[in-house]
$ cat coords_26.txt   # compact mmCIF, N, CA and C atoms
# COMPACT_ATOMS: atom_id res chain seq x y z
N MET A 1 0.85 -1.17 0.00
CA MET A 1 0.00 0.00 0.00
C MET A 1 0.90 1.23 0.00
N ALA A 2 0.56 2.21 -0.79
CA ALA A 2 1.33 3.44 -0.87
C ALA A 2 1.28 4.16 0.48
N PRO A 3 2.41 4.78 0.88
CA PRO A 3 2.46 5.45 2.19
C PRO A 3 1.34 6.47 2.39
N ASP A 4 1.03 7.27 1.36
CA ASP A 4 -0.03 8.28 1.49
C ASP A 4 -1.38 7.61 1.72
N LEU A 5 -1.66 6.56 0.97
CA LEU A 5 -2.92 5.84 1.12
C LEU A 5 -2.99 5.18 2.49
N GLU A 6 -1.89 4.60 2.93
CA GLU A 6 -1.84 3.95 4.24
C GLU A 6 -2.13 4.96 5.35
N GLU A 7 -1.56 6.15 5.24
CA GLU A 7 -1.81 7.20 6.23
C GLU A 7 -3.28 7.62 6.24
N ARG A 8 -3.88 7.76 5.06
CA ARG A 8 -5.29 8.15 4.97
C ARG A 8 -6.20 7.07 5.55
N VAL A 9 -5.87 5.81 5.27
CA VAL A 9 -6.66 4.70 5.81
C VAL A 9 -6.57 4.68 7.34
N ALA A 10 -5.35 4.84 7.86
CA ALA A 10 -5.16 4.85 9.31
C ALA A 10 -5.90 6.03 9.95
N LYS A 11 -5.85 7.20 9.32
CA LYS A 11 -6.55 8.38 9.85
C LYS A 11 -8.06 8.14 9.87
N THR A 12 -8.58 7.57 8.79
CA THR A 12 -10.01 7.27 8.73
C THR A 12 -10.40 6.25 9.79
N ALA A 13 -9.58 5.23 9.99
CA ALA A 13 -9.85 4.22 11.01
C ALA A 13 -9.88 4.84 12.40
N ARG A 14 -8.95 5.75 12.67
CA ARG A 14 -8.94 6.43 13.97
C ARG A 14 -10.19 7.28 14.15
N GLN A 15 -10.64 7.96 13.08
CA GLN A 15 -11.84 8.78 13.16
C GLN A 15 -13.07 7.92 13.44
N ILE A 16 -13.17 6.78 12.76
CA ILE A 16 -14.31 5.88 12.98
C ILE A 16 -14.29 5.36 14.41
N ALA A 17 -13.12 4.97 14.89
CA ALA A 17 -13.00 4.47 16.26
C ALA A 17 -13.40 5.55 17.26
N ALA A 18 -13.00 6.78 17.01
CA ALA A 18 -13.33 7.88 17.92
C ALA A 18 -14.84 8.13 17.94
N LEU A 19 -15.48 8.03 16.78
CA LEU A 19 -16.92 8.24 16.71
C LEU A 19 -17.69 7.17 17.48
N GLY A 20 -17.15 5.97 17.54
CA GLY A 20 -17.82 4.89 18.22
C GLY A 20 -17.44 4.72 19.67
N GLU A 21 -16.52 5.53 20.13
CA GLU A 21 -16.05 5.41 21.51
C GLU A 21 -17.19 5.59 22.49
N GLY A 22 -17.30 4.67 23.41
CA GLY A 22 -18.34 4.74 24.43
C GLY A 22 -19.69 4.21 23.99
N GLU A 23 -19.81 3.85 22.73
CA GLU A 23 -21.07 3.30 22.22
C GLU A 23 -21.09 1.79 22.46
N SER A 24 -22.28 1.26 22.59
CA SER A 24 -22.42 -0.19 22.70
C SER A 24 -23.49 -0.65 21.73
N THR A 25 -23.44 -1.91 21.39
CA THR A 25 -24.40 -2.46 20.47
C THR A 25 -24.91 -3.79 20.99
N SER A 26 -26.11 -4.12 20.67
CA SER A 26 -26.66 -5.41 21.09
C SER A 26 -26.53 -6.44 19.98
N VAL A 27 -25.94 -6.09 18.86
CA VAL A 27 -25.82 -7.01 17.74
C VAL A 27 -25.07 -8.28 18.16
N TYR A 28 -24.00 -8.14 18.90
CA TYR A 28 -23.19 -9.29 19.27
C TYR A 28 -23.40 -9.71 20.72
N ARG A 29 -24.32 -9.10 21.40
CA ARG A 29 -24.57 -9.44 22.79
C ARG A 29 -25.39 -10.73 22.86
N MET A 30 -24.89 -11.68 23.61
CA MET A 30 -25.58 -12.96 23.73
C MET A 30 -26.35 -13.01 25.04
N SER A 31 -27.34 -13.88 25.06
CA SER A 31 -28.05 -14.10 26.31
C SER A 31 -27.11 -14.84 27.26
N TRP A 32 -27.48 -14.89 28.51
CA TRP A 32 -26.68 -15.60 29.50
C TRP A 32 -26.52 -17.06 29.09
N ALA A 33 -27.60 -17.70 28.66
CA ALA A 33 -27.56 -19.11 28.28
C ALA A 33 -26.66 -19.33 27.06
N SER A 34 -26.79 -18.48 26.06
CA SER A 34 -25.95 -18.62 24.86
C SER A 34 -24.49 -18.45 25.21
N GLY A 35 -24.20 -17.48 26.06
CA GLY A 35 -22.82 -17.26 26.48
C GLY A 35 -22.24 -18.46 27.21
N ARG A 36 -23.03 -19.06 28.08
CA ARG A 36 -22.58 -20.25 28.83
C ARG A 36 -22.35 -21.42 27.88
N LEU A 37 -23.25 -21.62 26.93
CA LEU A 37 -23.08 -22.71 25.97
C LEU A 37 -21.83 -22.50 25.12
N LEU A 38 -21.61 -21.28 24.68
CA LEU A 38 -20.43 -21.00 23.88
C LEU A 38 -19.16 -21.18 24.70
N ASP A 39 -19.17 -20.74 25.95
CA ASP A 39 -18.01 -20.93 26.82
C ASP A 39 -17.69 -22.41 26.98
N ARG A 40 -18.73 -23.20 27.18
CA ARG A 40 -18.53 -24.65 27.35
C ARG A 40 -17.98 -25.27 26.07
N ALA A 41 -18.53 -24.86 24.94
CA ALA A 41 -18.06 -25.40 23.66
C ALA A 41 -16.61 -25.01 23.41
N MET A 42 -16.25 -23.78 23.74
CA MET A 42 -14.88 -23.32 23.49
C MET A 42 -13.88 -23.99 24.42
N ALA A 43 -14.34 -24.50 25.54
CA ALA A 43 -13.45 -25.19 26.48
C ALA A 43 -13.12 -26.60 26.00
N ASN A 44 -13.85 -27.09 25.02
CA ASN A 44 -13.66 -28.44 24.49
C ASN A 44 -12.86 -28.32 23.19
N ASP A 45 -11.57 -28.69 23.24
CA ASP A 45 -10.69 -28.51 22.07
C ASP A 45 -11.19 -29.19 20.81
N ALA A 46 -11.63 -30.43 20.94
CA ALA A 46 -12.09 -31.18 19.77
C ALA A 46 -13.32 -30.52 19.15
N PHE A 47 -14.26 -30.12 20.00
CA PHE A 47 -15.47 -29.47 19.49
C PHE A 47 -15.15 -28.12 18.87
N ARG A 48 -14.30 -27.35 19.53
CA ARG A 48 -13.93 -26.02 19.01
C ARG A 48 -13.35 -26.14 17.61
N THR A 49 -12.48 -27.13 17.41
CA THR A 49 -11.88 -27.34 16.09
C THR A 49 -12.95 -27.66 15.06
N ARG A 50 -13.85 -28.56 15.41
CA ARG A 50 -14.93 -28.93 14.49
C ARG A 50 -15.85 -27.75 14.19
N LEU A 51 -16.19 -27.00 15.23
CA LEU A 51 -17.07 -25.86 15.06
C LEU A 51 -16.44 -24.80 14.16
N LEU A 52 -15.16 -24.52 14.36
CA LEU A 52 -14.49 -23.51 13.53
C LEU A 52 -14.36 -23.97 12.09
N ARG A 53 -14.19 -25.26 11.86
CA ARG A 53 -14.18 -25.78 10.48
C ARG A 53 -15.53 -25.55 9.82
N PHE A 54 -16.60 -25.80 10.58
CA PHE A 54 -17.95 -25.56 10.04
C PHE A 54 -18.14 -24.07 9.75
N VAL A 55 -17.74 -23.21 10.68
CA VAL A 55 -17.89 -21.76 10.48
C VAL A 55 -17.13 -21.31 9.23
N ASP A 56 -15.95 -21.89 8.99
CA ASP A 56 -15.18 -21.53 7.80
C ASP A 56 -15.91 -21.86 6.51
N VAL A 57 -16.58 -23.00 6.47
CA VAL A 57 -17.22 -23.45 5.24
C VAL A 57 -18.64 -22.89 5.07
N PHE A 58 -19.25 -22.43 6.15
CA PHE A 58 -20.66 -22.00 6.13
C PHE A 58 -21.00 -20.99 5.03
N PRO A 59 -20.19 -19.95 4.80
CA PRO A 59 -20.59 -18.95 3.79
C PRO A 59 -20.78 -19.50 2.38
N VAL A 60 -20.17 -20.63 2.06
CA VAL A 60 -20.30 -21.15 0.69
C VAL A 60 -21.32 -22.28 0.59
N LEU A 61 -21.99 -22.60 1.67
CA LEU A 61 -22.98 -23.68 1.63
C LEU A 61 -24.20 -23.23 0.84
N ASP A 62 -24.82 -24.20 0.16
CA ASP A 62 -25.90 -23.90 -0.77
C ASP A 62 -27.22 -24.48 -0.27
N GLY A 63 -27.88 -23.79 0.64
CA GLY A 63 -29.20 -24.19 1.09
C GLY A 63 -29.21 -25.04 2.35
N ASP A 64 -30.42 -25.28 2.81
CA ASP A 64 -30.63 -25.98 4.07
C ASP A 64 -30.05 -27.39 4.08
N GLU A 65 -30.24 -28.13 2.99
CA GLU A 65 -29.73 -29.51 2.94
C GLU A 65 -28.21 -29.54 3.03
N ASP A 66 -27.57 -28.61 2.35
CA ASP A 66 -26.11 -28.53 2.40
C ASP A 66 -25.64 -28.18 3.81
N VAL A 67 -26.33 -27.25 4.47
CA VAL A 67 -25.99 -26.88 5.84
C VAL A 67 -26.15 -28.09 6.76
N ALA A 68 -27.27 -28.78 6.64
CA ALA A 68 -27.53 -29.95 7.49
C ALA A 68 -26.47 -31.03 7.28
N ARG A 69 -26.10 -31.27 6.03
CA ARG A 69 -25.08 -32.28 5.75
C ARG A 69 -23.75 -31.90 6.38
N HIS A 70 -23.37 -30.64 6.25
CA HIS A 70 -22.10 -30.21 6.83
C HIS A 70 -22.14 -30.22 8.35
N LEU A 71 -23.28 -29.88 8.94
CA LEU A 71 -23.40 -29.96 10.40
C LEU A 71 -23.16 -31.40 10.86
N GLU A 72 -23.76 -32.35 10.17
CA GLU A 72 -23.56 -33.76 10.52
C GLU A 72 -22.09 -34.16 10.34
N GLU A 73 -21.49 -33.73 9.24
CA GLU A 73 -20.09 -34.09 8.97
C GLU A 73 -19.14 -33.48 9.98
N HIS A 74 -19.36 -32.23 10.33
CA HIS A 74 -18.41 -31.52 11.19
C HIS A 74 -18.68 -31.69 12.67
N LEU A 75 -19.95 -31.85 13.05
CA LEU A 75 -20.28 -31.79 14.47
C LEU A 75 -20.85 -33.09 15.03
N ASP A 76 -20.77 -34.17 14.28
CA ASP A 76 -21.29 -35.44 14.76
C ASP A 76 -20.16 -36.29 15.34
N GLY A 77 -20.42 -36.98 16.41
CA GLY A 77 -19.44 -37.94 16.92
C GLY A 77 -18.77 -37.52 18.20
N ASP A 78 -17.64 -38.17 18.48
CA ASP A 78 -16.88 -37.94 19.70
C ASP A 78 -16.41 -36.49 19.78
N GLY A 79 -16.32 -36.00 20.99
CA GLY A 79 -15.79 -34.66 21.21
C GLY A 79 -16.83 -33.56 21.12
N VAL A 80 -18.10 -33.94 20.85
CA VAL A 80 -19.15 -32.95 20.76
C VAL A 80 -19.89 -32.89 22.09
N PRO A 81 -19.89 -31.73 22.73
CA PRO A 81 -20.57 -31.64 24.04
C PRO A 81 -22.08 -31.80 23.91

$ encode --input "coords_26.txt" --output "structure tokens"
Amino acid sequence: MAPDLEERVAKTARQIAALGEGESTSVYRMSWASGRLLDRAMANDAFRTRLLRFVDVFPVLDGDEDVARHLEEHLDGDGVP
């Protein structure tokens, strides 16, 4: 990236960060139960690996049947809480 462009990008990023300072959003806020389930899942190495593999492939899945098939492939079996 050209130095001038890099400086402009960094300046814009700082401005955006400053505008959002002190703001909160509920977009990523989970319920207590969802947070506990995710914490438990992340504590399980085998499951975490399988879950992250599924998350990686999810954007290219084509419809409900494809999602269901991949869920079974990635999250079925030993190591799943």

$ residues_around --input "coords_26.txt" --residues "region 66-77 of chain A" --least-positions-apart "4" --cutoff "6 Å" --atoms "all atoms listed in the file" --output "NGL selection string"
:A and (50-51 or 61-62)

$ select_by_dssp --input "coords_26.txt" --residues "region 45-78 of chain A" --states "alpha helix (DSSP H)" --output "mmCIF file with N, CA and C atoms, in the coordinates of the input"
data_model
loop_
_atom_site.group_PDB
_atom_site.id
_atom_site.type_symbol
_atom_site.label_atom_id
_atom_site.label_comp_id
_atom_site.auth_asym_id
_atom_site.auth_seq_id
_atom_site.Cartn_x
_atom_site.Cartn_y
_atom_site.Cartn_z
ATOM 1 N N ASP A 45 -11.570 -28.690 23.240
ATOM 2 C CA ASP A 45 -10.690 -28.510 22.070
ATOM 3 C C ASP A 45 -11.190 -29.190 20.810
ATOM 4 N N ALA A 46 -11.630 -30.430 20.940
ATOM 5 C CA ALA A 46 -12.090 -31.180 19.770
ATOM 6 C C ALA A 46 -13.320 -30.520 19.150
ATOM 7 N N PHE A 47 -14.260 -30.120 20.000
ATOM 8 C CA PHE A 47 -15.470 -29.470 19.490
ATOM 9 C C PHE A 47 -15.150 -28.120 18.870
ATOM 10 N N ARG A 48 -14.300 -27.350 19.530
ATOM 11 C CA ARG A 48 -13.930 -26.020 19.010
ATOM 12 C C ARG A 48 -13.350 -26.140 17.610
ATOM 13 N N THR A 49 -12.480 -27.130 17.410
ATOM 14 C CA THR A 49 -11.880 -27.340 16.090
ATOM 15 C C THR A 49 -12.950 -27.660 15.060
ATOM 16 N N ARG A 50 -13.850 -28.560 15.410
ATOM 17 C CA ARG A 50 -14.930 -28.930 14.490
ATOM 18 C C ARG A 50 -15.850 -27.750 14.190
ATOM 19 N N LEU A 51 -16.190 -27.000 15.230
ATOM 20 C CA LEU A 51 -17.070 -25.860 15.060
ATOM 21 C C LEU A 51 -16.440 -24.800 14.160
ATOM 22 N N LEU A 52 -15.160 -24.520 14.360
ATOM 23 C CA LEU A 52 -14.490 -23.510 13.530
ATOM 24 C C LEU A 52 -14.360 -23.970 12.090
ATOM 25 N N ARG A 53 -14.190 -25.260 11.860
ATOM 26 C CA ARG A 53 -14.180 -25.780 10.480
ATOM 27 C C ARG A 53 -15.530 -25.550 9.820
ATOM 28 N N PHE A 54 -16.600 -25.800 10.580
ATOM 29 C CA PHE A 54 -17.950 -25.560 10.040
ATOM 30 C C PHE A 54 -18.140 -24.070 9.750
ATOM 31 N N VAL A 55 -17.740 -23.210 10.680
ATOM 32 C CA VAL A 55 -17.890 -21.760 10.480
ATOM 33 C C VAL A 55 -17.130 -21.310 9.230
ATOM 34 N N ASP A 56 -15.950 -21.890 8.990
ATOM 35 C CA ASP A 56 -15.180 -21.530 7.800
ATOM 36 C C ASP A 56 -15.910 -21.860 6.510
ATOM 37 N N VAL A 57 -16.580 -23.000 6.470
ATOM 38 C CA VAL A 57 -17.220 -23.450 5.240
ATOM 39 C C VAL A 57 -18.640 -22.890 5.070
ATOM 40 N N ASP A 64 -30.420 -25.280 2.810
ATOM 41 C CA ASP A 64 -30.630 -25.980 4.070
ATOM 42 C C ASP A 64 -30.050 -27.390 4.080
ATOM 43 N N GLU A 65 -30.240 -28.130 2.990
ATOM 44 C CA GLU A 65 -29.730 -29.510 2.940
ATOM 45 C C GLU A 65 -28.210 -29.540 3.030
ATOM 46 N N ASP A 66 -27.570 -28.610 2.350
ATOM 47 C CA ASP A 66 -26.110 -28.530 2.400
ATOM 48 C C ASP A 66 -25.640 -28.180 3.810
ATOM 49 N N VAL A 67 -26.330 -27.250 4.470
ATOM 50 C CA VAL A 67 -25.990 -26.880 5.840
ATOM 51 C C VAL A 67 -26.150 -28.090 6.760
ATOM 52 N N ALA A 68 -27.270 -28.780 6.640
ATOM 53 C CA ALA A 68 -27.530 -29.950 7.490
ATOM 54 C C ALA A 68 -26.470 -31.030 7.280
ATOM 55 N N ARG A 69 -26.100 -31.270 6.030
ATOM 56 C CA ARG A 69 -25.080 -32.280 5.750
ATOM 57 C C ARG A 69 -23.750 -31.900 6.380
ATOM 58 N N HIS A 70 -23.370 -30.640 6.250
ATOM 59 C CA HIS A 70 -22.100 -30.210 6.830
ATOM 60 C C HIS A 70 -22.140 -30.220 8.350
ATOM 61 N N LEU A 71 -23.280 -29.880 8.940
ATOM 62 C CA LEU A 71 -23.400 -29.960 10.400
ATOM 63 C C LEU A 71 -23.160 -31.400 10.860
ATOM 64 N N GLU A 72 -23.760 -32.350 10.170
ATOM 65 C CA GLU A 72 -23.560 -33.760 10.520
ATOM 66 C C GLU A 72 -22.090 -34.160 10.340
ATOM 67 N N GLU A 73 -21.490 -33.730 9.240
ATOM 68 C CA GLU A 73 -20.090 -34.090 8.970
ATOM 69 C C GLU A 73 -19.140 -33.480 9.980
ATOM 70 N N HIS A 74 -19.360 -32.230 10.330
ATOM 71 C CA HIS A 74 -18.410 -31.520 11.190
ATOM 72 C C HIS A 74 -18.680 -31.690 12.670
ATOM 73 N N LEU A 75 -19.950 -31.850 13.050
ATOM 74 C CA LEU A 75 -20.280 -31.790 14.470
ATOM 75 C C LEU A 75 -20.850 -33.090 15.030
#

$ atom_distance --input "coords_26.txt" --atom1 "CA of Gly22 (chain A)" --atom2 "CA of Val9 (chain A)"
22.0 Å

$ atom_distance --input "coords_26.txt" --atom1 "CA of Phe54 (chain A)" --atom2 "CA of Ser24 (chain A)"
28.7 Å

$ build_atoms --input "coords_26.txt" --residues "region 45-64 of chain A" --atoms "N, CA, C and O atoms" --output "short mmCIF file (atom, residue, chain, number, x, y, z; two decimals), in the frame of the given file"
data_model
loop_
_atom_site.label_atom_id
_atom_site.label_comp_id
_atom_site.auth_asym_id
_atom_site.auth_seq_id
_atom_site.Cartn_x
_atom_site.Cartn_y
_atom_site.Cartn_z
N ASP A 45 -11.57 -28.69 23.24
CA ASP A 45 -10.69 -28.51 22.07
C ASP A 45 -11.19 -29.19 20.81
O ASP A 45 -11.17 -28.61 19.73
N ALA A 46 -11.63 -30.43 20.94
CA ALA A 46 -12.09 -31.18 19.77
C ALA A 46 -13.32 -30.52 19.15
O ALA A 46 -13.41 -30.36 17.93
N PHE A 47 -14.26 -30.12 20.00
CA PHE A 47 -15.47 -29.47 19.49
C PHE A 47 -15.15 -28.12 18.87
O PHE A 47 -15.68 -27.77 17.82
N ARG A 48 -14.30 -27.35 19.53
CA ARG A 48 -13.93 -26.02 19.01
C ARG A 48 -13.35 -26.14 17.61
O ARG A 48 -13.71 -25.39 16.70
N THR A 49 -12.48 -27.13 17.41
CA THR A 49 -11.88 -27.34 16.09
C THR A 49 -12.95 -27.66 15.06
O THR A 49 -12.98 -27.09 13.97
N ARG A 50 -13.85 -28.56 15.41
CA ARG A 50 -14.93 -28.93 14.49
C ARG A 50 -15.85 -27.75 14.19
O ARG A 50 -16.27 -27.53 13.06
N LEU A 51 -16.19 -27.00 15.23
CA LEU A 51 -17.07 -25.86 15.06
C LEU A 51 -16.44 -24.80 14.16
O LEU A 51 -17.09 -24.26 13.26
N LEU A 52 -15.16 -24.52 14.36
CA LEU A 52 -14.49 -23.51 13.53
C LEU A 52 -14.36 -23.97 12.09
O LEU A 52 -14.46 -23.15 11.16
N ARG A 53 -14.19 -25.26 11.86
CA ARG A 53 -14.18 -25.78 10.48
C ARG A 53 -15.53 -25.55 9.82
O ARG A 53 -15.62 -25.18 8.65
N PHE A 54 -16.60 -25.80 10.58
CA PHE A 54 -17.95 -25.56 10.04
C PHE A 54 -18.14 -24.07 9.75
O PHE A 54 -18.67 -23.70 8.69
N VAL A 55 -17.74 -23.21 10.68
CA VAL A 55 -17.89 -21.76 10.48
C VAL A 55 -17.13 -21.31 9.23
O VAL A 55 -17.62 -20.48 8.47
N ASP A 56 -15.95 -21.89 8.99
CA ASP A 56 -15.18 -21.53 7.80
C ASP A 56 -15.91 -21.86 6.51
O ASP A 56 -15.84 -21.12 5.54
N VAL A 57 -16.58 -23.00 6.47
CA VAL A 57 -17.22 -23.45 5.24
C VAL A 57 -18.64 -22.89 5.07
O VAL A 57 -19.17 -22.83 3.97
N PHE A 58 -19.25 -22.43 6.15
CA PHE A 58 -20.66 -22.00 6.13
C PHE A 58 -21.00 -20.99 5.03
O PHE A 58 -22.02 -21.15 4.36
N PRO A 59 -20.19 -19.95 4.80
CA PRO A 59 -20.59 -18.95 3.79
C PRO A 59 -20.78 -19.50 2.38
O PRO A 59 -21.49 -18.90 1.59
N VAL A 60 -20.17 -20.63 2.06
CA VAL A 60 -20.30 -21.15 0.69
C VAL A 60 -21.32 -22.28 0.59
O VAL A 60 -21.49 -22.85 -0.48
N LEU A 61 -21.99 -22.60 1.67
CA LEU A 61 -22.98 -23.68 1.63
C LEU A 61 -24.20 -23.23 0.84
O LEU A 61 -24.57 -22.06 0.84
N ASP A 62 -24.82 -24.20 0.16
CA ASP A 62 -25.90 -23.90 -0.77
C ASP A 62 -27.22 -24.48 -0.27
O ASP A 62 -27.61 -25.57 -0.66
N GLY A 63 -27.88 -23.79 0.64
CA GLY A 63 -29.20 -24.19 1.09
C GLY A 63 -29.21 -25.04 2.35
O GLY A 63 -28.18 -25.45 2.87
N ASP A 64 -30.42 -25.28 2.81
CA ASP A 64 -30.63 -25.98 4.07
C ASP A 64 -30.05 -27.39 4.08
O ASP A 64 -29.46 -27.83 5.07
#
